[in-house]
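In what follows, a structure is listed as structure tokens, so that the remarks can point back to it.
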2 protein chains.
Amino acid sequence: MSEVNRYHNIYERQRLIIEEKISKVLDDKKPDSLYGPGSYILQSGGKRLRPLLVLLSAKASGGKLSQVYNAALAVELLHNFTLVHDDIMDNADKRRGRLTIHKKYDVNTAILTGDSLLSIAYELLLKDCKQNTNLVLSSFNNSLIEVCEGQSLDKDFELRQEISIDEYYLMINKKTAALLSMCCNIGALLTGASKQVVNALSAFGQNIGMAFQIQDDMLDIIGGESFGKKIGGDLVEGKKTYLFIKALEKAKGDDQKKLRKMIKEKGIKPEEIDEYKKIYEKLGILDDARNEIKGFTKKALSKLNKLDKVEDRNTFIWLADSLIKRSK
Amino acid sequence: MSEVNRYHNIYERQRLIIEEKISKVLDDKKPDSLYGPGSYILQSGGKRLRPLLVLLSAKASGGKLSQVYNAALAVELLHNFTLVHDDIMDNADKRRGRLTIHKKYDVNTAILTGDSLLSIAYELLLKDCKQNTNLVLSSFNNSLIEVCEGQSLDKDFELRQEISIDEYYLMINKKTAALLSMCCNIGALLTGASKQVVNALSAFGQNIGMAFQIQDDMLDIIGGESFGKKIGGDLVEGKKTYLFIKALEKAKGDDQKKLRKMIKEKGIKPEEIDEYKKIYEKLGILDDARNEIKGFTKKALSKLNKLDKVEDRNTFIWLADSLIKRSK
């Protein structure tokens with residue numbers, strides 16, 4: 001078996017365990033009107049990247065996976081809480097190919113489902129808190145604060161003309177990277193890792209998170225159509241992604257005008273996507289994005305020398321590589 | 001100074017301290033688009049009953065108020081989180097005489113404001129966690145779970161014809177009493193109270209909470225108009241309160257028909273309020289409610305014998321008495 005296959009199998013095995021556990025996590029809870037919609041969103045699949053980060057970080061800290069399974073579920077519930085509320089705010093119809101909660105049920109159900117997923121997330125996390133409890137809870141809660149602040153900045157950006165790359169980085173750091181960083185952080189803290197390892201893994205998660213989000217922005221242009229996502233969807237919705245902000249920074253003349261048109265009209269028509277894609281290509285924006293992703297990934301990987309075992313380092317290297325190469 | 005005045009002054013002094021602290025709690029936080037609406041709702045006054053319960057419970061446990069001020073703010077932020085999200089779900093225009101967040105801003109802002117108030121609540125609570133951390137956080141978080149479940153039951157009841165008093169009690173226990181009980185519980189836990197005192201204060205809070213909610217239902221009929229609340233508002237909105245459920249249980253003939261009309265039409269016209277009030281009076285519903293309030297209050301007070309100091313017992317007795325006599 002190749003090295004890559006081996007790591008993929010490790011991931012796949014843990015993903016299935018998480019799927020199994022997550023399918024049962026709300027089983028004994030009542031009322032169904034609250035936990036039914038919660039189960040629906042939790043069982044719509046996904047990469048389960050966040051729980052995996054908790055598990056791998058615990059293992060790399062010398063701990064046992066059994067010490068952190070509840071925490072792994074907790075971060076997935078926290079993530080799904082953000083998805084449910086964000087989907088209301090974005091008025092999104094679909095999520096992973098299925099109707100969003102507020103479309104399948106209604107906005108009130110979606111608000112309350114999100115709230116309750118968050119409450120169960122804390123409940124799960126507390127089950128695994130046998131040491132470093134204050135630090136773990138602060139870390140978990142800070143990532144929630146960051147996600148709220150990041151989402152608020154994202155909403156602000158919709159109403160503003162000019163966003164700098166630095167402002168954009170602040171936003172995705174809060175909205176995406178902070179949560180991935182927290183996953184590594186609590187996986188290490190819950191298993192009593194040294195401060196050095198805790199910090200190294202947190203920094204790994206944060207940098208991987210930045211790379212992950214820029215990659216996400218890229219996939220809107222170069223990704224295959226999947227899960228109901230359409231190429232160029234971000235442009236149609238007028239989203240100020242890394243690609244767009246960088247292009248606006250570099251563009252001149254007609255290209256600049258064209259880009260400003262998207263801002264002014266809060267989005268473009270689907271038939272205009274190709275034109276915008278060509279502007280991106282002409283300005284070398286996709287290469288810029290690839291370089292940024294490489295830079296963040298390199299920084300992430302540089303933290304791994306604090307880990308003792310080659311095996312653990314290699315698992316994280318495989319994971320970082322898979323994230324860069326993913327097409328969805 | 002009379003005894004009553006003395007306790008009222010103690011309360012008033014603490015209320016002002018809480019007001020002062022709460023007016024600053026989001027001061028250093030950014031972005032304003034997120035924390036501005038949060039400050040707005042936090043500064044719309046109110047009784048600050050929940051923080052007071054934390055403070056009094058800490059004192060009755062032999063602790064210092066300074067050990068629990070952050071926790072006192074935390075429960076008020078948790079409470080305000082529920083108000084902001086409930087107001088969206090109820091489509092309420094006003095809260096304490098001012099526009100609700102989703103009316104003053106929009107629904108998306110209100111969702112995110114609620115989420116962030118909750119995140120800051122946990123942050124504040126963690127600051128005061130020097131002992132019993134797991135128990136305190138479980139208690140705080142369980143009350144959040146209960147509030148979500150209670151709100152979901154409340155929504156379910158809107159769609160159902162027949163609700164029993166027991167079902168209603170389960171709902172208000174989750175939606176109102178659990179949070180008041182938690183306030184007493186964590187006030188005691190954070191200051192290292194004995195298990196006996198912790199349990200006694202929690203039970204006090206829970207029973208006072210039940211009395212408080214039935215009193216709230218009563219005030220819809222007998223209260224003075226205040227803060228934009230109109231007499232009979234619950235009837236107009238078709239809410240199945242203690243009064244209504246009890247009346248439906250006892251009514252016969254035309255009265256029964258009339259009550260069922262409210263269910264069928266999901267509310268009544270303002271000019272019909274007097275008619276319904278007369279049915280309540282004829283059936284002795286207000287006396288039933290008063291008896292229930294007395295019963296829960298008596299049960300609450302019976303728990304106080306676990307407290308060492310007369311002074312502490314008397315403060316809680318004064319508080320219970322004030323809640324029963326309140327007109328808003």
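By convention in this document, the chains of the structure tokens carry letters A, B, ... by their order, each chain's residues are numbered from 1, and ligands are numbered from 1 in the order they are shown.
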
Exercise for the section: Specify as an MDAnalysis selection string all residues of chain A found within 8 Å of chain B, counting only C-alpha atoms. Expected result: chainID A and resid 30:31 33:34 85 88:89 108 111:112 115:116 119:120 122:123 126 129 133:134 137:138 141:142 144:145 148:149 152:153 156

Problem - Long-range neighbours of Lys325 (chain A) as a VMD selection string, 10 Å cut-off, only C-alpha atoms, 5 positions minimum in chain - result: chain A and resid 215 319 to 320

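Picture a line from CA of Gln161 (chain B) to CA of Ile285 (chain B); it runs 19.4 Å.
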
Problem - Between CA of Gly187 (chain B) and CA of Arg13 (chain B) - distance in Å to one decimal - result: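 So the answer is 18.2 Å.
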
Handout entry: Nearest residue to Lys195 (chain A) from the set A:Arg6, A:Lys306, A:Lys94, A:Arg160 (distances using only C-alpha atoms)
Key =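 Closest residue, counting only C-alpha atoms: A:Lys306.
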